[in-house]
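With PDB, C-alpha atoms and all ligand atoms inside, this is model12.pdb:
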```pdb
ATOM      1  CA  MET A 670      38.329  16.024  17.579  1.00  0.00           C
ATOM      2  CA  SER A 671      41.647  16.885  15.987  1.00  0.00           C
ATOM      3  CA  VAL A 672      43.061  14.322  13.565  1.00  0.00           C
ATOM      4  CA  THR A 673      45.960  14.275  11.172  1.00  0.00           C
ATOM      5  CA  PRO A 674      44.658  12.843   7.918  1.00  0.00           C
ATOM      6  CA  THR A 675      46.818  11.201   5.278  1.00  0.00           C
ATOM      7  CA  ASN A 676      46.647  11.441   1.496  1.00  0.00           C
ATOM      8  CA  ILE A 677      45.844   7.753   1.129  1.00  0.00           C
ATOM      9  CA  GLU A 678      42.725   7.580  -0.987  1.00  0.00           C
ATOM     10  CA  HIS A 679      40.442   4.554  -0.776  1.00  0.00           C
ATOM     11  CA  GLU A 680      38.733   3.732  -4.028  1.00  0.00           C
ATOM     12  CA  VAL A 681      34.959   3.646  -4.169  1.00  0.00           C
ATOM     13  CA  LYS A 682      34.176   1.445  -7.150  1.00  0.00           C
ATOM     14  CA  THR A 683      31.346   2.287  -9.559  1.00  0.00           C
ATOM     15  CA  VAL A 684      29.373  -0.734  -8.351  1.00  0.00           C
ATOM     16  CA  ASP A 685      29.818   0.106  -4.649  1.00  0.00           C
ATOM     17  CA  ILE A 686      26.848   1.304  -2.634  1.00  0.00           C
ATOM     18  CA  VAL A 687      27.962   2.362   0.818  1.00  0.00           C
ATOM     19  CA  VAL A 688      25.037   2.226   3.222  1.00  0.00           C
ATOM     20  CA  SER A 689      24.580   3.156   6.855  1.00  0.00           C
ATOM     21  CA  LYS A 690      21.625   3.924   9.062  1.00  0.00           C
ATOM     22  CA  GLY A 691      21.447   6.202  12.040  1.00  0.00           C
ATOM     23  CA  ASP A 692      19.190   7.018  14.978  1.00  0.00           C
ATOM     24  CA  GLU A 693      17.775  10.474  15.696  1.00  0.00           C
ATOM     25  CA  ALA A 694      21.097  11.606  17.171  1.00  0.00           C
ATOM     26  CA  GLY A 695      23.102  10.322  14.192  1.00  0.00           C
ATOM     27  CA  ASN A 696      24.557   7.250  15.909  1.00  0.00           C
ATOM     28  CA  VAL A 697      25.275   4.359  13.545  1.00  0.00           C
ATOM     29  CA  THR A 698      22.714   1.578  13.938  1.00  0.00           C
ATOM     30  CA  TYR A 699      23.564  -0.364  10.778  1.00  0.00           C
ATOM     31  CA  ALA A 700      26.231  -0.383   8.098  1.00  0.00           C
ATOM     32  CA  ASN A 701      26.657  -2.669   5.102  1.00  0.00           C
ATOM     33  CA  PRO A 702      29.810  -4.754   4.500  1.00  0.00           C
ATOM     34  CA  ILE A 703      31.229  -2.317   1.941  1.00  0.00           C
ATOM     35  CA  PHE A 704      30.941   0.481   4.509  1.00  0.00           C
ATOM     36  CA  PHE A 705      33.062  -1.475   7.019  1.00  0.00           C
ATOM     37  CA  LYS A 706      35.552  -2.431   4.306  1.00  0.00           C
ATOM     38  CA  LEU A 707      36.013   1.151   3.108  1.00  0.00           C
ATOM     39  CA  SER A 708      36.157   2.825   6.503  1.00  0.00           C
ATOM     40  CA  GLY A 709      38.396   0.136   8.008  1.00  0.00           C
ATOM     41  CA  TYR A 710      36.333  -0.138  11.190  1.00  0.00           C
ATOM     42  CA  THR A 711      34.894  -3.329  12.651  1.00  0.00           C
ATOM     43  CA  GLN A 712      31.240  -3.605  13.652  1.00  0.00           C
ATOM     44  CA  ALA A 713      32.225  -3.317  17.317  1.00  0.00           C
ATOM     45  CA  GLU A 714      34.108  -0.083  16.646  1.00  0.00           C
ATOM     46  CA  LEU A 715      31.423   1.542  14.554  1.00  0.00           C
ATOM     47  CA  LEU A 716      27.988   0.479  15.742  1.00  0.00           C
ATOM     48  CA  GLU A 717      26.386   2.856  18.232  1.00  0.00           C
ATOM     49  CA  GLN A 718      29.132   5.396  17.567  1.00  0.00           C
ATOM     50  CA  PRO A 719      28.237   8.801  16.104  1.00  0.00           C
ATOM     51  CA  HIS A 720      28.559   9.150  12.309  1.00  0.00           C
ATOM     52  CA  SER A 721      30.944  12.025  13.075  1.00  0.00           C
ATOM     53  CA  LEU A 722      33.590   9.341  13.705  1.00  0.00           C
ATOM     54  CA  LEU A 723      33.975   9.544   9.920  1.00  0.00           C
ATOM     55  CA  ARG A 724      34.175  13.316   9.832  1.00  0.00           C
ATOM     56  CA  HIS A 725      37.092  14.526   7.743  1.00  0.00           C
ATOM     57  CA  PRO A 726      38.662  17.865   8.763  1.00  0.00           C
ATOM     58  CA  ASP A 727      38.447  19.018   5.113  1.00  0.00           C
ATOM     59  CA  MET A 728      34.637  19.009   5.356  1.00  0.00           C
ATOM     60  CA  PRO A 729      32.993  22.418   5.892  1.00  0.00           C
ATOM     61  CA  LYS A 730      30.648  22.662   8.886  1.00  0.00           C
ATOM     62  CA  LEU A 731      27.993  24.257   6.701  1.00  0.00           C
ATOM     63  CA  ILE A 732      27.415  21.082   4.678  1.00  0.00           C
ATOM     64  CA  PHE A 733      26.575  19.086   7.820  1.00  0.00           C
ATOM     65  CA  LYS A 734      24.421  21.885   9.217  1.00  0.00           C
ATOM     66  CA  PHE A 735      22.465  21.939   5.965  1.00  0.00           C
ATOM     67  CA  LEU A 736      22.270  18.118   6.009  1.00  0.00           C
ATOM     68  CA  TRP A 737      20.774  18.056   9.500  1.00  0.00           C
ATOM     69  CA  ASP A 738      18.475  21.063   8.919  1.00  0.00           C
ATOM     70  CA  THR A 739      17.139  19.257   5.840  1.00  0.00           C
ATOM     71  CA  ILE A 740      16.612  15.728   7.232  1.00  0.00           C
ATOM     72  CA  LYS A 741      15.086  17.091  10.446  1.00  0.00           C
ATOM     73  CA  THR A 742      12.277  18.565   8.375  1.00  0.00           C
ATOM     74  CA  GLY A 743      11.713  15.127   6.798  1.00  0.00           C
ATOM     75  CA  LYS A 744      13.272  16.002   3.445  1.00  0.00           C
ATOM     76  CA  ASP A 745      16.132  14.117   1.857  1.00  0.00           C
ATOM     77  CA  ILE A 746      19.497  15.543   0.892  1.00  0.00           C
ATOM     78  CA  LYS A 747      22.199  14.721  -1.613  1.00  0.00           C
ATOM     79  CA  ALA A 748      25.616  15.983  -0.610  1.00  0.00           C
ATOM     80  CA  PHE A 749      29.220  15.270  -1.502  1.00  0.00           C
ATOM     81  CA  VAL A 750      31.152  14.052   1.530  1.00  0.00           C
ATOM     82  CA  LYS A 751      34.833  13.363   2.097  1.00  0.00           C
ATOM     83  CA  ASN A 752      35.048  10.693   4.775  1.00  0.00           C
ATOM     84  CA  LEU A 753      37.888   9.789   7.078  1.00  0.00           C
ATOM     85  CA  CYS A 754      38.923   6.134   7.372  1.00  0.00           C
ATOM     86  CA  LYS A 755      40.376   4.427  10.411  1.00  0.00           C
ATOM     87  CA  ASP A 756      43.847   4.585   8.827  1.00  0.00           C
ATOM     88  CA  ARG A 757      43.337   8.387   8.429  1.00  0.00           C
ATOM     89  CA  GLY A 758      42.998   7.969   4.667  1.00  0.00           C
ATOM     90  CA  PHE A 759      39.866   9.166   2.910  1.00  0.00           C
ATOM     91  CA  TYR A 760      37.218   8.514   0.287  1.00  0.00           C
ATOM     92  CA  TRP A 761      34.765  10.774  -1.501  1.00  0.00           C
ATOM     93  CA  VAL A 762      31.092   9.956  -2.046  1.00  0.00           C
ATOM     94  CA  LEU A 763      27.823  11.486  -3.105  1.00  0.00           C
ATOM     95  CA  ALA A 764      25.619  10.687  -0.112  1.00  0.00           C
ATOM     96  CA  HIS A 765      21.835  10.519  -0.282  1.00  0.00           C
ATOM     97  CA  VAL A 766      20.446  10.814   3.236  1.00  0.00           C
ATOM     98  CA  ARG A 767      16.747  10.320   3.862  1.00  0.00           C
ATOM     99  CA  VAL A 768      14.335   9.661   6.683  1.00  0.00           C
ATOM    100  CA  ALA A 769      12.707   6.222   6.873  1.00  0.00           C
ATOM    101  CA  LYS A 770       9.355   6.009   8.652  1.00  0.00           C
ATOM    102  CA  ASN A 771       7.438   3.206  10.347  1.00  0.00           C
ATOM    103  CA  PRO A 772       4.062   2.149   8.908  1.00  0.00           C
ATOM    104  CA  ASP A 773       2.373   4.401  11.509  1.00  0.00           C
ATOM    105  CA  GLY A 774       4.321   7.383  10.227  1.00  0.00           C
ATOM    106  CA  SER A 775       6.664   7.638  13.206  1.00  0.00           C
ATOM    107  CA  PHE A 776      10.432   8.034  12.803  1.00  0.00           C
ATOM    108  CA  ARG A 777      12.262   4.786  12.058  1.00  0.00           C
ATOM    109  CA  ASN A 778      15.820   5.864  11.185  1.00  0.00           C
ATOM    110  CA  TYR A 779      17.973   7.942   8.891  1.00  0.00           C
ATOM    111  CA  VAL A 780      19.434   6.095   5.926  1.00  0.00           C
ATOM    112  CA  SER A 781      22.465   7.172   3.946  1.00  0.00           C
ATOM    113  CA  THR A 782      23.189   5.595   0.565  1.00  0.00           C
ATOM    114  CA  ARG A 783      26.510   6.651  -0.897  1.00  0.00           C
ATOM    115  CA  ARG A 784      28.057   6.198  -4.305  1.00  0.00           C
ATOM    116  CA  GLY A 785      31.466   7.160  -5.617  1.00  0.00           C
ATOM    117  CA  MET A 786      31.956  10.720  -6.749  1.00  0.00           C
ATOM    118  CA  SER A 787      32.607  11.435 -10.442  1.00  0.00           C
ATOM    119  CA  ALA A 788      35.931  12.965 -11.466  1.00  0.00           C
ATOM    120  CA  GLY A 789      34.060  15.967 -12.887  1.00  0.00           C
ATOM    121  CA  ALA A 790      32.311  16.547  -9.573  1.00  0.00           C
ATOM    122  CA  ARG A 791      35.555  16.224  -7.660  1.00  0.00           C
ATOM    123  CA  ALA A 792      37.095  19.005  -9.761  1.00  0.00           C
ATOM    124  CA  ILE A 793      34.195  21.289  -8.839  1.00  0.00           C
ATOM    125  CA  ILE A 794      33.478  20.335  -5.232  1.00  0.00           C
ATOM    126  CA  GLU A 795      36.998  20.061  -3.810  1.00  0.00           C
ATOM    127  CA  PRO A 796      37.849  23.732  -4.479  1.00  0.00           C
ATOM    128  CA  LEU A 797      34.399  24.807  -3.258  1.00  0.00           C
ATOM    129  CA  TYR A 798      34.781  22.982   0.076  1.00  0.00           C
ATOM    130  CA  LYS A 799      38.290  24.423   0.450  1.00  0.00           C
ATOM    131  CA  GLN A 800      36.844  27.902   0.009  1.00  0.00           C
ATOM    132  CA  LEU A 801      34.000  27.229   2.459  1.00  0.00           C
ATOM    133  CA  LEU A 802      36.430  25.879   5.050  1.00  0.00           C
ATOM    134  CA  GLU A 803      38.766  28.849   4.719  1.00  0.00           C
ATOM    135  CA  ALA A 804      35.828  31.216   5.169  1.00  0.00           C
ATOM    136  CA  GLU A 805      34.643  29.261   8.227  1.00  0.00           C
ATOM    137  CA  ASN A 806      38.081  29.405   9.800  1.00  0.00           C
ATOM    138  CA  ILE A 807      37.853  33.186   9.693  1.00  0.00           C
ATOM    139  CA  GLY A 808      34.178  34.014  10.088  1.00  0.00           C
ATOM    140  CA  GLY A 809      32.291  30.773  10.836  1.00  0.00           C
ATOM    141  CA  MET A 810      29.240  29.576   8.897  1.00  0.00           C
ATOM    142  CA  GLU A 811      28.028  33.156   8.524  1.00  0.00           C
ATOM    143  CA  ALA A 812      30.998  33.605   6.230  1.00  0.00           C
ATOM    144  CA  SER A 813      30.658  30.328   4.300  1.00  0.00           C
ATOM    145  CA  LEU A 814      26.891  30.537   3.654  1.00  0.00           C
ATOM    146  CA  PRO A 815      27.058  33.410   1.116  1.00  0.00           C
ATOM    147  CA  ILE A 816      29.853  31.566  -0.727  1.00  0.00           C
ATOM    148  CA  LEU A 817      27.692  28.443  -1.011  1.00  0.00           C
ATOM    149  CA  GLU A 818      24.699  30.505  -2.147  1.00  0.00           C
ATOM    150  CA  THR A 819      26.767  32.231  -4.848  1.00  0.00           C
ATOM    151  CA  PHE A 820      28.126  28.859  -6.000  1.00  0.00           C
ATOM    152  CA  LEU A 821      24.626  27.379  -6.267  1.00  0.00           C
ATOM    153  CA  LYS A 822      23.410  30.433  -8.170  1.00  0.00           C
ATOM    154  CA  GLU A 823      26.318  30.122 -10.615  1.00  0.00           C
ATOM    155  CA  HIS A 824      25.194  26.532 -11.216  1.00  0.00           C
ATOM    156  CA  GLY A 825      21.639  27.640 -11.910  1.00  0.00           C
ATOM    157  CA  GLY A 826      20.258  26.640  -8.518  1.00  0.00           C
ATOM    158  CA  SER A 827      19.724  27.707  -4.916  1.00  0.00           C
ATOM    159  CA  LEU A 828      19.568  26.134  -1.454  1.00  0.00           C
ATOM    160  CA  ASP A 829      15.996  25.043  -2.303  1.00  0.00           C
ATOM    161  CA  THR A 830      17.218  23.033  -5.303  1.00  0.00           C
ATOM    162  CA  PHE A 831      20.456  21.827  -3.663  1.00  0.00           C
ATOM    163  CA  ASN A 832      19.870  18.129  -4.490  1.00  0.00           C
ATOM    164  CA  GLU A 833      19.229  18.747  -8.171  1.00  0.00           C
ATOM    165  CA  THR A 834      22.372  20.851  -8.421  1.00  0.00           C
ATOM    166  CA  MET A 835      24.499  18.163  -6.709  1.00  0.00           C
ATOM    167  CA  GLN A 836      23.053  15.503  -9.024  1.00  0.00           C
ATOM    168  CA  LYS A 837      23.830  17.698 -12.035  1.00  0.00           C
ATOM    169  CA  ILE A 838      27.398  18.228 -10.804  1.00  0.00           C
ATOM    170  CA  GLN A 839      27.822  14.459 -10.318  1.00  0.00           C
ATOM    171  CA  LYS A 840      26.994  13.984 -14.006  1.00  0.00           C
ATOM    172  CA  SER A 841      29.500  16.621 -15.129  1.00  0.00           C
TER     173      SER A 841
HETATM  174  C1  LIG A 901      22.347   8.651   8.302  1.00  0.00           C
HETATM  175  C2  LIG A 901      23.475   9.628   8.499  1.00  0.00           C
HETATM  176  C3  LIG A 901      24.679   9.399   7.853  1.00  0.00           C
HETATM  177  C4  LIG A 901      25.764  10.260   8.022  1.00  0.00           C
HETATM  178  N1  LIG A 901      26.912   9.960   7.376  1.00  0.00           N
HETATM  179  C5  LIG A 901      28.006  10.729   7.587  1.00  0.00           C
HETATM  180  C6  LIG A 901      29.231  10.394   6.983  1.00  0.00           C
HETATM  181  O1  LIG A 901      29.354   9.439   6.212  1.00  0.00           O
HETATM  182  N2  LIG A 901      30.297  11.208   7.260  1.00  0.00           N
HETATM  183  C7  LIG A 901      30.219  12.284   8.082  1.00  0.00           C
HETATM  184  O2  LIG A 901      31.240  12.957   8.316  1.00  0.00           O
HETATM  185  N3  LIG A 901      29.036  12.636   8.653  1.00  0.00           N
HETATM  186  C8  LIG A 901      27.938  11.887   8.420  1.00  0.00           C
HETATM  187  N4  LIG A 901      26.749  12.246   9.001  1.00  0.00           N
HETATM  188  C9  LIG A 901      26.658  13.521   9.722  1.00  0.00           C
HETATM  189  C10 LIG A 901      27.156  13.408  11.152  1.00  0.00           C
HETATM  190  O3  LIG A 901      26.062  13.055  11.967  1.00  0.00           O
HETATM  191  C11 LIG A 901      27.755  14.740  11.658  1.00  0.00           C
HETATM  192  O4  LIG A 901      26.812  15.779  11.572  1.00  0.00           O
HETATM  193  C12 LIG A 901      29.010  15.160  10.873  1.00  0.00           C
HETATM  194  O5  LIG A 901      29.966  14.134  10.847  1.00  0.00           O
HETATM  195  C13 LIG A 901      29.663  16.413  11.443  1.00  0.00           C
HETATM  196  O6  LIG A 901      30.016  16.217  12.752  1.00  0.00           O
HETATM  197  P1  LIG A 901      29.646  17.306  13.852  1.00  0.00           P
HETATM  198  O7  LIG A 901      28.171  17.544  13.677  1.00  0.00           O
HETATM  199  O8  LIG A 901      30.040  16.676  15.138  1.00  0.00           O
HETATM  200  O9  LIG A 901      30.487  18.490  13.491  1.00  0.00           O
HETATM  201  C14 LIG A 901      25.627  11.405   8.848  1.00  0.00           C
HETATM  202  C15 LIG A 901      24.412  11.633   9.507  1.00  0.00           C
HETATM  203  C16 LIG A 901      23.343  10.776   9.325  1.00  0.00           C
HETATM  204  C17 LIG A 901      22.053  11.041  10.022  1.00  0.00           C
END
```
What is this structure when it is put down as structure tokens?
Amino acid sequence: MSVTPTNIEHEVKTVDIVVSKGDEAGNVTYANPIFFKLSGYTQAELLEQPHSLLRHPDMPKLIFKFLWDTIKTGKDIKAFVKNLCKDRGFYWVLAHVRVAKNPDGSFRNYVSTRRGMSAGARAIIEPLYKQLLEAENIGGMEASLPILETFLKEHGGSLDTFNETMQKIQKS
């Protein structure tokens, strides 16, 4: 989907926790009031729609591939996400996406809990995502993966310790 975003930024307050839940395909099955308020969508517009409705064109593909690869194995992921609002504005969050299970161990849903991104993290992540996106526009995710790996290494981590590195960056 091709969209023309605007530079209108929607503030995520320190106290805000932006929650949504999704089915196995990533369709929204629940969202909390702050999620609707921030995104500008009504329940009728958002529920049962894919989470990719919020996809901002500034987001590198690789981050979502890594997100899905991770949650599909049952592990959780922490990732910075720039989301698109209905008015084509945006907001940044640190999303924590995990798998919730039923008492019998079967899949229940995916749950994403998002908090505002720190200014320090923004200064680090925005240029990284720009670089990843530029690489993807030329050579796809094959080109952006080594850039992400080098970045993680420079921050003392790797793909295996992605969450810890993102948490550390959030505190910077
Ligand atoms: C629980 C859950 C929450 C998600 N939240 C977002 C989100 O806030 N923004 C977003 O762009 N993608 C989110 N995604 C990822 C989307 O499913 C999708 O992979 C992404 O928007 C990229 O779209 P594409 O896979 O069609 O390229 C979420 C996925 C799950 C399972």
Let me see if you get this right: every residue at most 8 Å from ligand LIG 901 (chain A), counting only C-alpha atoms and all ligand atoms, written as number ranges by chain.
A: 689-697, 719-725, 728, 730, 733-734, 736-737, 740, 750-753, 764, 766-767, 778-781
From atom CA of A:Phe705 to atom CA of A:Pro726 the spacing works out at 20.2 Å
If you measure from atom CA of A:Asn832 to atom CA of A:Lys747, what distance in Å do you get, rounded to one decimal?
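One can read the atom CA of A:Asn832 to atom CA of A:Lys747 distance as 5.0 Å.
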Which residues are near A:Asn676? Cut-off 9 Å, all atoms listed in the file, ignore same chain within fewer than 5 positions. Put them as a ChimeraX atom specification.
/A:757-759
Take the residues just selected and output them with C-alpha atoms as a PDB file, in the frame of the given file.
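To be explicit, this is the file written out as selection-v9.pdb:
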```pdb
ATOM      1  CA  ARG A 757      43.337   8.387   8.429  1.00  0.00           C
ATOM      2  CA  GLY A 758      42.998   7.969   4.667  1.00  0.00           C
ATOM      3  CA  PHE A 759      39.866   9.166   2.910  1.00  0.00           C
TER       4      PHE A 759
END
```
Expand the PyMOL selection byres (((chain A and resi 710) around 12) and not hetatm) into the individual residues it matches in the shown file, reporting them as JSON, numbers by chain.
{"A": [700, 701, 702, 703, 704, 705, 706, 707, 708, 709, 711, 712, 713, 714, 715, 716, 718, 722, 723, 753, 754, 755, 756, 757]}
For the selection just defined, write its residues with C-alpha atoms to a file, as an mmCIF file, in the coordinates of the input.
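Generated file (part09.cif):
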```cif
data_model
loop_
_atom_site.group_PDB
_atom_site.id
_atom_site.type_symbol
_atom_site.label_atom_id
_atom_site.label_comp_id
_atom_site.auth_asym_id
_atom_site.auth_seq_id
_atom_site.Cartn_x
_atom_site.Cartn_y
_atom_site.Cartn_z
ATOM 1 C CA ALA A 700 26.231 -0.383 8.098
ATOM 2 C CA ASN A 701 26.657 -2.669 5.102
ATOM 3 C CA PRO A 702 29.810 -4.754 4.500
ATOM 4 C CA ILE A 703 31.229 -2.317 1.941
ATOM 5 C CA PHE A 704 30.941 0.481 4.509
ATOM 6 C CA PHE A 705 33.062 -1.475 7.019
ATOM 7 C CA LYS A 706 35.552 -2.431 4.306
ATOM 8 C CA LEU A 707 36.013 1.151 3.108
ATOM 9 C CA SER A 708 36.157 2.825 6.503
ATOM 10 C CA GLY A 709 38.396 0.136 8.008
ATOM 11 C CA THR A 711 34.894 -3.329 12.651
ATOM 12 C CA GLN A 712 31.240 -3.605 13.652
ATOM 13 C CA ALA A 713 32.225 -3.317 17.317
ATOM 14 C CA GLU A 714 34.108 -0.083 16.646
ATOM 15 C CA LEU A 715 31.423 1.542 14.554
ATOM 16 C CA LEU A 716 27.988 0.479 15.742
ATOM 17 C CA GLN A 718 29.132 5.396 17.567
ATOM 18 C CA LEU A 722 33.590 9.341 13.705
ATOM 19 C CA LEU A 723 33.975 9.544 9.920
ATOM 20 C CA LEU A 753 37.888 9.789 7.078
ATOM 21 C CA CYS A 754 38.923 6.134 7.372
ATOM 22 C CA LYS A 755 40.376 4.427 10.411
ATOM 23 C CA ASP A 756 43.847 4.585 8.827
ATOM 24 C CA ARG A 757 43.337 8.387 8.429
#
```
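When the PyMOL selection byres (((chain A and resi 838) around 9) and not hetatm) is evaluated against the file, it yields Ser787, Gly789, Ala790, Arg791, Ile793, Ile794, His824, Glu833, Thr834, Met835, Gln836, Lys837, Gln839, Lys840 and Ser841 of chain A.
Atom CA of A:Ala788 is found 23.9 Å from atom CA of A:Asp745.
Neighbouring residues of A:Ser827 at 8 Å or closer, counting all atoms listed in the file and skipping chain neighbours under 5 positions away, are A:Glu818, A:Leu821, A:Lys822.
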When you count all atoms listed in the file, which of these residues is closest to A:Glu805: A:Val762, A:Pro729, A:Ile686, A:Ile746?
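Nearest to A:Glu805: A:Pro729.
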Residue with smallest distance to A:Trp761 - pool A:Asp685, A:Asp829, A:Glu678, A:Glu803, counting all atoms listed in the file
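Smallest distance to A:Trp761 is found for A:Glu678.
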Shortest interatomic distance to A:Ile677 - which of A:Phe735, A:Tyr699, A:Phe820, A:Tyr760, counting all atoms listed in the file:
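Of A:Phe735, A:Tyr699, A:Phe820, A:Tyr760, the one nearest A:Ile677 is A:Tyr760, counting all atoms listed in the file.
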If we draw a sphere of 8 Å around (32.0, 5.5, -9.0), which residues have at least one atom in it when counting all atoms listed in the file? Please report them as a tab-separated table (two decimals) with C-alpha atoms, in the coordinates of the input.
```
chain	number	residue	atom	x	y	z
A	681	VAL	CA	34.96	3.65	-4.17
A	682	LYS	CA	34.18	1.44	-7.15
A	683	THR	CA	31.35	2.29	-9.56
A	684	VAL	CA	29.37	-0.73	-8.35
A	685	ASP	CA	29.82	0.11	-4.65
A	784	ARG	CA	28.06	6.20	-4.30
A	785	GLY	CA	31.47	7.16	-5.62
A	786	MET	CA	31.96	10.72	-6.75
A	787	SER	CA	32.61	11.44	-10.44
```
Please determine, counting all atoms listed in the file, which residue among A:Asn771, A:Arg783, A:Ala812, A:Val688 has the shortest atom-to-atom distance to A:Leu731.
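Going through A:Asn771, A:Arg783, A:Ala812, A:Val688 one by one, the smallest distance to A:Leu731 is for A:Ala812.
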For stretch 777-791 of chain A, which lacks atoms in the input, supply N, CA and C atoms and format the output as a short mmCIF file (atom, residue, chain, number, x, y, z; two decimals), in the coordinates of the input.
```cif
data_model
loop_
_atom_site.label_atom_id
_atom_site.label_comp_id
_atom_site.auth_asym_id
_atom_site.auth_seq_id
_atom_site.Cartn_x
_atom_site.Cartn_y
_atom_site.Cartn_z
N ARG A 777 11.62 6.10 11.94
CA ARG A 777 12.26 4.79 12.06
C ARG A 777 13.78 4.96 12.16
N ASN A 778 14.38 5.56 11.14
CA ASN A 778 15.82 5.86 11.18
C ASN A 778 16.18 6.78 10.02
N TYR A 779 17.43 7.23 10.04
CA TYR A 779 17.97 7.94 8.89
C TYR A 779 18.80 6.94 8.09
N VAL A 780 18.70 7.03 6.78
CA VAL A 780 19.43 6.10 5.93
C VAL A 780 20.31 6.88 4.96
N SER A 781 21.58 6.53 4.91
CA SER A 781 22.46 7.17 3.95
C SER A 781 22.96 6.15 2.93
N THR A 782 22.74 6.45 1.66
CA THR A 782 23.19 5.60 0.56
C THR A 782 24.22 6.39 -0.22
N ARG A 783 25.42 5.87 -0.29
CA ARG A 783 26.51 6.65 -0.90
C ARG A 783 27.08 5.93 -2.12
N ARG A 784 27.38 6.72 -3.12
CA ARG A 784 28.06 6.20 -4.30
C ARG A 784 29.31 7.02 -4.56
N GLY A 785 30.23 6.44 -5.32
CA GLY A 785 31.47 7.16 -5.62
C GLY A 785 31.19 8.48 -6.33
N MET A 786 32.10 9.40 -6.15
CA MET A 786 31.96 10.72 -6.75
C MET A 786 32.61 10.71 -8.13
N SER A 787 32.02 11.38 -9.10
CA SER A 787 32.61 11.44 -10.44
C SER A 787 33.83 12.36 -10.42
N ALA A 788 34.72 12.13 -11.38
CA ALA A 788 35.93 12.96 -11.47
C ALA A 788 35.55 14.42 -11.75
N GLY A 789 34.52 14.61 -12.57
CA GLY A 789 34.06 15.97 -12.89
C GLY A 789 33.58 16.69 -11.64
N ALA A 790 32.84 15.96 -10.81
CA ALA A 790 32.31 16.55 -9.57
C ALA A 790 33.45 16.88 -8.61
N ARG A 791 34.41 16.01 -8.56
CA ARG A 791 35.56 16.22 -7.66
C ARG A 791 36.27 17.54 -7.99
#
```
